[in-house]
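This is data-v5.cif. It holds mmCIF, C-alpha atoms.
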```
data_protein
loop_
_atom_site.label_atom_id
_atom_site.label_comp_id
_atom_site.auth_asym_id
_atom_site.auth_seq_id
_atom_site.Cartn_x
_atom_site.Cartn_y
_atom_site.Cartn_z
CA MET A 1 112.52 104.77 93.66
CA ILE A 2 108.83 104.76 92.73
CA ARG A 3 108.03 102.21 95.43
CA THR A 4 109.94 104.16 98.08
CA PHE A 5 108.35 107.47 97.05
CA CYS A 6 104.82 106.04 97.16
CA ALA A 7 105.48 104.40 100.54
CA GLU A 8 106.77 107.63 102.08
CA ASN A 9 104.01 109.79 100.56
CA GLU A 10 100.92 107.64 100.92
CA SER A 11 98.41 110.49 100.89
CA ASP A 12 99.72 112.70 98.04
CA TRP A 13 101.95 110.37 95.99
CA ASN A 14 100.10 111.22 92.77
CA GLU A 15 101.12 114.87 93.00
CA GLY A 16 104.85 114.18 92.78
CA ILE A 17 105.10 110.99 90.74
CA ASN A 18 105.37 112.91 87.47
CA LEU A 19 108.38 114.83 88.77
CA LEU A 20 110.01 111.57 89.84
CA LEU A 21 109.47 110.03 86.40
CA PHE A 22 110.88 113.16 84.79
CA ALA A 23 114.02 112.84 86.91
CA VAL A 24 114.38 109.14 86.02
CA ARG A 25 114.11 109.82 82.29
CA GLU A 26 116.57 112.68 82.57
CA SER A 27 119.20 110.49 84.32
CA VAL A 28 122.07 109.04 82.30
CA GLN A 29 121.88 105.24 81.89
CA GLU A 30 125.15 103.47 82.72
CA SER A 31 124.95 100.90 79.88
CA LEU A 32 124.06 103.46 77.16
CA GLY A 33 125.89 106.56 78.31
CA PHE A 34 122.82 108.72 77.56
CA SER A 35 119.55 109.51 79.21
CA PRO A 36 116.25 108.29 77.67
CA PHE A 37 115.37 111.93 76.86
CA GLU A 38 118.60 112.40 74.89
CA LEU A 39 117.95 109.29 72.77
CA VAL A 40 114.38 110.39 72.01
CA PHE A 41 114.79 114.13 71.51
CA GLY A 42 118.49 114.36 70.54
CA HIS A 43 119.45 116.83 73.26
CA ARG A 44 119.42 117.18 77.00
CA VAL A 45 116.08 118.16 78.43
CA ARG A 46 115.96 121.49 80.17
CA GLY A 47 114.97 120.35 83.61
CA PRO A 48 114.38 122.54 86.67
CA LEU A 49 118.10 122.71 87.50
CA ALA A 50 119.03 123.63 83.92
CA LEU A 51 116.47 126.44 83.86
CA LEU A 52 117.72 127.73 87.19
CA LYS A 53 121.30 127.71 85.89
CA GLU A 54 120.32 129.63 82.74
CA GLN A 55 118.65 132.30 84.83
CA TRP A 56 121.77 132.68 86.95
CA ILE A 57 124.20 133.10 84.05
CA ASN A 58 121.72 135.05 81.85
CA LYS A 59 122.38 132.76 78.93
CA GLU A 60 120.59 133.84 75.74
CA LEU A 61 120.31 131.66 72.66
CA HIS A 62 119.49 133.08 69.21
CA THR A 63 119.45 130.34 66.55
CA ASN A 64 117.50 130.29 63.29
CA LEU A 65 115.29 127.32 62.35
CA LEU A 66 117.55 125.82 59.64
CA ASP A 67 120.66 125.75 61.83
CA TYR A 68 118.65 124.27 64.69
CA VAL A 69 117.31 121.42 62.48
CA LEU A 70 120.75 120.60 61.08
CA LYS A 71 122.39 120.59 64.48
CA PHE A 72 119.50 118.61 65.88
CA LYS A 73 119.89 115.94 63.15
CA ASP A 74 123.64 115.78 63.70
CA ARG A 75 123.20 115.35 67.43
CA LEU A 76 120.74 112.52 66.83
CA HIS A 77 123.20 110.61 64.63
CA LYS A 78 126.07 111.09 67.09
CA ALA A 79 123.91 110.07 70.04
CA CYS A 80 122.71 106.89 68.26
CA SER A 81 126.24 105.87 67.20
CA LEU A 82 127.66 106.47 70.67
CA ALA A 83 124.73 104.61 72.25
CA GLU A 84 125.34 101.61 69.98
CA GLU A 85 129.02 101.55 70.90
CA ASN A 86 128.32 101.82 74.62
CA LEU A 87 125.61 99.18 74.39
CA LYS A 88 127.94 96.81 72.52
CA LEU A 89 130.66 97.21 75.16
CA ALA A 90 128.14 96.68 77.94
CA GLN A 91 126.76 93.55 76.24
CA GLU A 92 130.23 92.11 75.74
CA LYS A 93 131.02 92.70 79.39
CA MET A 94 127.78 91.09 80.55
CA LYS A 95 128.30 88.15 78.17
CA THR A 96 131.82 87.61 79.50
CA TRP A 97 130.53 87.34 83.05
CA TYR A 98 127.56 85.20 82.00
CA ASP A 99 129.76 82.75 80.03
CA LYS A 100 132.37 82.49 82.76
CA ASP A 101 131.02 79.14 84.03
CA ALA A 102 129.57 77.98 80.70
CA ARG A 103 130.59 74.60 79.31
CA MET A 104 130.48 73.52 75.67
CA ARG A 105 128.01 70.69 75.05
CA MET A 106 127.58 68.64 71.91
CA PHE A 107 125.20 65.86 70.85
CA LYS A 108 125.41 63.37 68.02
CA PRO A 109 122.58 61.89 65.95
CA GLY A 110 121.17 58.94 67.85
CA ASP A 111 121.92 60.33 71.33
CA LYS A 112 119.07 60.26 73.82
CA VAL A 113 118.17 63.55 75.48
CA LEU A 114 115.55 65.15 77.73
CA VAL A 115 113.81 68.19 76.24
CA LEU A 116 112.34 71.15 78.14
CA PHE A 117 108.74 71.41 76.89
CA PRO A 118 105.66 73.19 78.29
CA VAL A 119 103.35 71.06 80.42
CA GLN A 120 100.29 70.15 78.35
CA THR A 121 97.84 70.86 81.17
CA ASN A 122 99.53 74.16 82.07
CA PRO A 123 101.38 75.89 79.20
CA LEU A 124 102.90 78.44 81.61
CA GLN A 125 104.91 75.70 83.33
CA THR A 126 107.75 73.70 81.78
CA ARG A 127 109.58 70.51 82.63
CA PHE A 128 111.90 68.04 80.95
CA HIS A 129 110.19 65.34 78.89
CA GLY A 130 111.60 62.29 77.20
CA PRO A 131 113.75 60.51 76.49
CA TYR A 132 113.90 61.59 72.84
CA GLU A 133 116.43 60.92 70.11
CA ILE A 134 118.61 63.41 68.25
CA VAL A 135 117.85 63.28 64.52
CA SER A 136 120.37 65.76 63.14
CA LYS A 137 122.56 68.71 64.07
CA ILE A 138 121.77 72.04 62.39
CA ASN A 139 124.59 74.05 63.96
CA ASP A 140 126.47 74.28 67.25
CA VAL A 141 123.35 75.27 69.22
CA ASP A 142 120.37 73.91 67.24
CA TYR A 143 119.33 70.27 66.95
CA VAL A 144 116.41 68.42 65.39
CA VAL A 145 114.82 66.06 67.93
CA LYS A 146 112.42 63.20 67.20
CA THR A 147 109.25 63.66 69.31
CA PRO A 148 106.80 60.89 68.35
CA ASP A 149 104.47 61.46 71.33
CA ARG A 150 103.83 65.14 70.57
CA ARG A 151 101.87 67.01 67.90
CA ARG A 152 104.94 67.41 65.68
CA SER A 153 107.03 64.32 64.99
CA THR A 154 110.27 66.36 64.91
CA GLN A 155 111.10 69.69 66.52
CA LEU A 156 113.98 72.13 66.29
CA CYS A 157 115.39 72.68 69.80
CA HIS A 158 118.08 74.95 71.19
CA ILE A 159 120.82 73.26 73.16
CA ASN A 160 119.71 75.10 76.32
CA MET A 161 116.48 73.07 76.13
CA LEU A 162 118.38 69.76 76.03
CA LYS A 163 120.26 67.71 78.55
CA PRO A 164 121.65 64.17 78.20
CA TYR A 165 119.59 61.18 79.29
CA PHE A 166 121.36 58.36 81.13
CA GLU A 167 119.73 54.95 81.13
CA LYS A 168 119.57 52.77 84.22
CA GLN A 169 122.47 50.44 84.77
CA SER A 170 121.45 46.85 84.12
CA ASP A 171 124.12 45.43 86.42
CA ALA A 172 122.65 46.73 89.69
CA VAL A 173 123.95 45.02 92.81
CA THR A 174 121.50 42.62 94.47
CA VAL A 175 121.97 41.16 97.95
CA VAL A 176 119.82 38.22 99.07
CA VAL A 177 119.27 37.42 102.76
CA SER A 178 119.82 33.71 103.25
CA GLU A 179 117.01 33.23 105.81
CA ASN A 180 114.14 34.84 103.92
CA GLU A 181 115.66 34.99 100.42
CA PHE A 182 114.52 38.59 100.48
CA ASP A 183 115.91 40.80 97.76
CA LEU A 184 116.96 44.07 99.33
CA THR A 185 118.10 45.81 96.15
CA ARG A 186 115.93 48.77 95.23
CA ASN A 187 116.22 51.53 92.67
CA MET A 188 114.80 54.94 93.26
CA ILE A 189 114.66 58.26 91.40
CA ASP A 190 115.83 61.39 93.18
CA ASP A 191 112.79 63.70 93.66
CA SER A 192 114.99 66.79 94.19
CA SER A 193 114.72 67.42 90.43
CA ASP A 194 111.32 68.06 88.84
CA PHE A 195 112.65 67.34 85.40
CA HIS A 196 112.53 63.51 85.41
CA SER A 197 116.29 63.13 85.07
CA LYS A 198 117.27 59.56 85.87
CA SER A 199 119.50 59.42 88.94
CA ASN A 200 119.90 55.81 90.11
CA ILE A 201 120.08 55.42 93.86
CA VAL A 202 120.50 51.80 94.86
CA SER A 203 119.55 50.74 98.36
CA VAL A 204 121.61 47.74 99.52
CA ARG A 205 121.45 46.34 103.02
CA LEU A 206 124.34 43.92 103.68
CA PRO A 207 123.75 41.28 106.38
CA ASN A 208 126.24 41.44 109.23
CA SER A 209 126.82 37.70 109.03
CA THR A 210 128.37 38.12 105.57
CA ILE A 211 130.73 40.78 106.90
CA LEU A 212 131.70 38.64 109.89
CA GLU A 213 132.51 35.75 107.58
CA ASN A 214 134.96 38.00 105.68
CA ILE A 215 136.24 39.80 108.75
CA ASP A 216 139.87 39.21 107.75
CA GLU A 217 139.39 41.34 104.62
CA LYS A 218 137.89 44.15 106.67
CA LEU A 219 140.81 44.08 109.11
CA ALA A 220 143.55 43.61 106.54
CA HIS A 221 144.98 47.06 107.31
CA LEU A 222 145.85 45.98 110.89
CA GLN A 223 148.82 44.02 112.05
CA LEU A 224 148.38 40.31 112.76
CA GLU A 225 148.30 40.71 116.54
CA GLN A 226 145.94 43.67 116.40
CA ARG A 227 143.72 41.79 113.96
CA GLN A 228 143.47 38.82 116.33
CA GLN A 229 142.58 41.04 119.28
CA MET A 230 139.90 42.82 117.27
CA LYS A 231 138.39 39.51 116.10
CA GLU A 232 138.25 38.20 119.66
CA LEU A 233 136.51 41.37 120.81
CA ILE A 234 133.97 41.29 117.97
CA PHE A 235 133.08 37.59 118.36
CA LYS A 236 132.88 37.96 122.14
CA TYR A 237 130.00 40.40 121.67
CA GLY A 238 128.62 38.82 118.52
CA GLU A 239 125.02 39.34 119.67
CA LEU A 240 125.51 43.05 119.01
CA PHE A 241 125.84 42.44 115.26
CA PRO A 242 122.64 40.68 114.14
CA ASP A 243 121.38 40.65 110.58
CA VAL A 244 118.10 42.26 111.70
CA PRO A 245 117.94 45.33 113.98
CA ARG A 246 116.62 44.53 117.44
CA ARG A 247 114.59 46.35 120.06
CA THR A 248 115.15 46.82 123.75
CA THR A 249 112.63 46.92 126.60
CA ILE A 250 115.11 48.08 129.22
CA ALA A 251 114.43 51.76 128.70
CA SER A 252 111.29 53.64 127.64
CA HIS A 253 110.58 57.23 126.69
CA ASP A 254 107.42 59.35 126.93
CA VAL A 255 106.79 62.36 124.69
CA ASP A 256 105.06 65.09 126.68
CA VAL A 257 102.81 67.15 124.39
CA GLY A 258 100.73 68.73 127.15
CA ASP A 259 97.20 69.69 126.10
CA ALA A 260 98.03 69.85 122.39
CA LYS A 261 95.46 68.49 119.96
CA PRO A 262 96.44 65.38 117.97
CA ILE A 263 98.39 66.23 114.84
CA LYS A 264 97.32 64.25 111.80
CA GLN A 265 99.22 64.87 108.55
CA HIS A 266 98.63 63.35 105.16
CA PRO A 267 101.45 61.35 103.51
CA TYR A 268 103.76 63.19 101.15
CA ARG A 269 103.42 62.50 97.45
CA MET A 270 106.20 60.30 96.02
CA ASN A 271 106.94 58.84 92.63
CA MET A 272 106.09 55.20 91.87
CA GLU A 273 109.57 53.85 92.51
CA LYS A 274 109.83 55.56 95.87
CA CYS A 275 106.35 54.28 96.80
CA GLU A 276 107.42 50.71 96.03
CA LEU A 277 110.62 51.24 97.99
CA ALA A 278 108.68 52.59 101.00
CA GLU A 279 106.24 49.64 100.90
CA LYS A 280 109.10 47.13 100.87
CA GLU A 281 110.79 48.91 103.78
CA ILE A 282 107.53 48.82 105.75
CA GLU A 283 107.07 45.11 105.00
CA TYR A 284 110.63 44.43 106.11
CA MET A 285 110.15 46.28 109.41
CA LEU A 286 106.81 44.55 110.06
CA GLU A 287 108.28 41.10 109.41
CA ASN A 288 111.13 41.75 111.86
CA ASN A 289 108.96 43.34 114.59
CA ILE A 290 110.65 46.71 114.22
CA ILE A 291 107.30 48.49 113.83
CA ARG A 292 103.64 47.52 114.39
CA HIS A 293 100.25 48.62 113.12
CA SER A 294 98.68 51.54 114.97
CA ASN A 295 95.25 53.24 115.18
CA SER A 296 96.53 56.38 116.88
CA ASN A 297 95.04 59.83 116.30
CA TRP A 298 98.55 61.09 115.65
CA SER A 299 100.01 60.76 112.17
CA SER A 300 103.26 62.08 110.62
CA PRO A 301 104.45 61.62 107.00
CA CYS A 302 107.45 59.51 106.04
CA VAL A 303 110.25 60.48 103.67
CA MET A 304 112.90 58.45 101.85
CA VAL A 305 116.26 60.21 102.24
CA PRO A 306 119.23 59.08 100.08
CA LYS A 307 122.49 58.59 101.96
CA PRO A 308 125.96 59.43 100.57
CA ASP A 309 126.80 55.74 100.07
CA GLY A 310 123.83 55.26 97.69
CA SER A 311 121.50 53.55 100.16
CA ILE A 312 118.34 55.09 101.58
CA ARG A 313 117.17 56.09 105.04
CA PHE A 314 113.51 55.65 106.03
CA CYS A 315 112.66 58.78 108.06
CA THR A 316 109.58 60.36 109.59
CA ASP A 317 108.88 64.09 109.57
CA TYR A 318 108.11 64.93 113.22
CA ARG A 319 108.60 68.70 112.94
CA LYS A 320 105.00 69.53 113.82
CA VAL A 321 105.08 67.12 116.76
CA ASN A 322 108.35 68.61 117.98
CA ALA A 323 106.74 72.07 117.87
CA VAL A 324 104.25 71.06 120.62
CA THR A 325 106.59 68.79 122.59
CA LYS A 326 107.80 69.85 126.02
CA THR A 327 111.52 69.14 126.14
CA ASP A 328 113.48 68.02 129.21
CA ALA A 329 116.32 70.32 130.20
CA TYR A 330 118.88 67.53 130.49
CA PRO A 331 122.47 68.30 129.48
CA ILE A 332 123.80 65.91 126.88
CA PRO A 333 127.36 64.83 127.71
CA ARG A 334 130.08 65.83 125.28
CA VAL A 335 131.62 63.06 123.24
CA ASP A 336 135.19 64.24 123.88
CA ASP A 337 134.55 64.21 127.67
CA CYS A 338 133.30 60.63 127.46
CA VAL A 339 136.36 59.60 125.47
CA ASP A 340 138.69 61.29 127.99
CA LYS A 341 136.87 59.53 130.83
CA LEU A 342 137.28 56.13 129.19
CA GLU A 343 140.95 56.86 128.56
CA ARG A 344 141.54 57.70 132.22
CA GLN A 345 139.75 54.54 133.33
CA SER A 346 141.78 52.34 130.95
CA SER A 347 145.03 53.98 132.13
CA LEU A 348 144.07 53.34 135.76
CA GLN A 349 143.31 49.67 135.03
CA ARG A 350 146.69 49.22 133.34
CA LEU A 351 148.41 50.67 136.42
CA ILE A 352 146.48 48.30 138.71
CA TYR A 353 147.36 45.24 136.67
#
```

Could you rewrite the structure in this file as structure tokens?
Amino acid sequence: MIRTFCAENESDWNEGINLLLFAVRESVQESLGFSPFELVFGHRVRGPLALLKEQWINKELHTNLLDYVLKFKDRLHKACSLAEENLKLAQEKMKTWYDKDARMRMFKPGDKVLVLFPVQTNPLQTRFHGPYEIVSKINDVDYVVKTPDRRRSTQLCHINMLKPYFEKQSDAVTVVVSENEFDLTRNMIDDSSDFHSKSNIVSVRLPNSTILENIDEKLAHLQLEQRQQMKELIFKYGELFPDVPRRTTIASHDVDVGDAKPIKQHPYRMNMEKCELAEKEIEYMLENNIIRHSNSNWSSPCVMVPKPDGSIRFCTDYRKVNAVTKTDAYPIPRVDDCVDKLERQSSLQRLIY
């Protein structure tokens, strides 16, 4: 209300702000059932409307000082008791809604946890540190945590400051390419959380030759005749399933940026494990002629995006380049139309034969 009043009365807001504050303090609060004036003074404040009403009905009050003090004290006690009851009901209602999705958590001595501590260089910011070890349990919500790398060797922490720490799995899957004996297994930490929680994402690239050798297992859900037809089709076009992605020189594409100035962006910051993963991906693509070194004036940052199957996707952020690119107004064919067209062609061939 104050912001709206000041915005609508920019020139003389100071002349009416006191009346607005008076009205706010005279209003009954929903959680307490009383206005701030009633809780402070023990009675309703005689505002402009109350005075106008008294003048209309010619109400006259004649009360001596002793009766006024006694009634005033009684009203204060009643107002405080009613306010406490209303506040308790309101708190219980808010707590019920707040705890609706709450889950009970418990830790045992010896469990490893991450603790939410202030950042040493910036006390106003916090993040999860650790892992630390639970020393003892004080009650259902308080735990003593061993913190050897901080000023105090042990600290009392509320359970809301703790979350479980999961160690990396030692039996990570490793796939070795037979030609280069190149280990393609990589572990990375998900940067979507700033709290250093360990989320193992394993990148595994399986060579197509291994899958083709065990093609019968992949096609076990098909009937014997269907399986044989599928195998003949796959091996007939076996050059389409190499172990290393290939390039084509049949088609080329130009990106029209007009008179735009070259866009040069700095690389995004990544944690150490993601940096190692990105370097290995770059080495892999250089070795297999997928990419090449460049001295261009244009530069866009790369990102490592985790895929649902646990592997990673090496991507480049071209949003700023796309903003200055002139697009071709070429309609992309619909997938369902292409499928219908193929179905009609196959039906026609069956009729011919």

Margin query: Please list as a list of chain:residue names every residue within 6 Å of Ile134 in chain A, counting only C-alpha atoms and excluding residues in the same chain fewer than 5 positions away.
Written below: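 Skipping anything fewer than 5 positions along the chain leaves A:Pro109, A:Gly110, A:Asp111, A:Val145.
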
Next item on the list: Would you mind reading off the distance between CA of Leu240 in chain A and CA of Lys218 in chain A, one decimal, in Å?
Entry: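 Here the two named atoms are 17.5 Å from each other.
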
Quick one: apply the PyMOL selection byres ((chain A and resi 231) around 12) to the file and drop the selected residues here as a PDB file with C-alpha atoms, in the coordinates of the input.
```
ATOM      1  CA  LEU A 212     131.700  38.640 109.890  1.00  0.00           C
ATOM      2  CA  GLU A 213     132.510  35.750 107.580  1.00  0.00           C
ATOM      3  CA  ASN A 214     134.960  38.000 105.680  1.00  0.00           C
ATOM      4  CA  ILE A 215     136.240  39.800 108.750  1.00  0.00           C
ATOM      5  CA  ASP A 216     139.870  39.210 107.750  1.00  0.00           C
ATOM      6  CA  GLU A 217     139.390  41.340 104.620  1.00  0.00           C
ATOM      7  CA  LYS A 218     137.890  44.150 106.670  1.00  0.00           C
ATOM      8  CA  LEU A 219     140.810  44.080 109.110  1.00  0.00           C
ATOM      9  CA  ALA A 220     143.550  43.610 106.540  1.00  0.00           C
ATOM     10  CA  LEU A 222     145.850  45.980 110.890  1.00  0.00           C
ATOM     11  CA  LEU A 224     148.380  40.310 112.760  1.00  0.00           C
ATOM     12  CA  GLU A 225     148.300  40.710 116.540  1.00  0.00           C
ATOM     13  CA  GLN A 226     145.940  43.670 116.400  1.00  0.00           C
ATOM     14  CA  ARG A 227     143.720  41.790 113.960  1.00  0.00           C
ATOM     15  CA  GLN A 228     143.470  38.820 116.330  1.00  0.00           C
ATOM     16  CA  GLN A 229     142.580  41.040 119.280  1.00  0.00           C
ATOM     17  CA  MET A 230     139.900  42.820 117.270  1.00  0.00           C
ATOM     18  CA  GLU A 232     138.250  38.200 119.660  1.00  0.00           C
ATOM     19  CA  LEU A 233     136.510  41.370 120.810  1.00  0.00           C
ATOM     20  CA  ILE A 234     133.970  41.290 117.970  1.00  0.00           C
ATOM     21  CA  PHE A 235     133.080  37.590 118.360  1.00  0.00           C
ATOM     22  CA  LYS A 236     132.880  37.960 122.140  1.00  0.00           C
ATOM     23  CA  TYR A 237     130.000  40.400 121.670  1.00  0.00           C
ATOM     24  CA  GLY A 238     128.620  38.820 118.520  1.00  0.00           C
TER      25      GLY A 238
END
```

Notebook entry, point to check: At what distance in Å, to one decimal, does CA of Leu156 in chain A lie from CA of Val141 in chain A?
Noted result: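 Answer for the CA of Val141 in chain A to CA of Leu156 in chain A separation: 10.3 Å.
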
Item checked: Hits of the PyMOL selection byres ((chain A and resi 66-79) around 12) in this structure, as a ChimeraX atom specification -> /A:32-44,61-65,80-87

Margin query: To one decimal place in Å, what is the distance between CA of Ser209 in chain A and CA of Phe241 in chain A?
Written below: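 Going from CA of Ser209 in chain A over to CA of Phe241 in chain A covers 7.9 Å.
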
Next item on the list: Could you give me, as a PyMOL selection string, the residues within 12 Å of Cys6 in chain A, counting all atoms listed in the file and dropping anything in the same chain fewer than 3 positions from it?
Entry: chain A and resi 1-3+9-18+20

Note to self: Assuming the chain letters and numbering stay as they are in my file, what does the PyMOL selection byres ((chain A and resi 254) around 12) actually select? List them as a PyMOL selection string.
What the structure shows: chain A and resi 251-253+255-258+325-328

Once you have the residues from the selection above, write them out as a JSON list (two decimals), in the frame of the given file, restricted to C-alpha atoms.
```json
[["chain", "number", "residue", "atom", "x", "y", "z"],
["A", 251, "ALA", "CA", 114.43, 51.76, 128.70],
["A", 252, "SER", "CA", 111.29, 53.64, 127.64],
["A", 253, "HIS", "CA", 110.58, 57.23, 126.69],
["A", 255, "VAL", "CA", 106.79, 62.36, 124.69],
["A", 256, "ASP", "CA", 105.06, 65.09, 126.68],
["A", 257, "VAL", "CA", 102.81, 67.15, 124.39],
["A", 258, "GLY", "CA", 100.73, 68.73, 127.15],
["A", 325, "THR", "CA", 106.59, 68.79, 122.59],
["A", 326, "LYS", "CA", 107.80, 69.85, 126.02],
["A", 327, "THR", "CA", 111.52, 69.14, 126.14],
["A", 328, "ASP", "CA", 113.48, 68.02, 129.21]]
```

Check: In file coordinates, which residues lie within 9 Å of (115.3, 58.6, 101.6) using all atoms listed in the file, given as an MDAnalysis selection string?
Finding: chainID A and resid 190 274 278 303:307 311:315

Note to self: Please determine, counting only C-alpha atoms, which residue among A:Asn322, A:Thr126, A:Gln223, A:Asn288 has the shortest atom-to-atom distance to Ala260 in chain A.
What the structure shows: A:Asn322
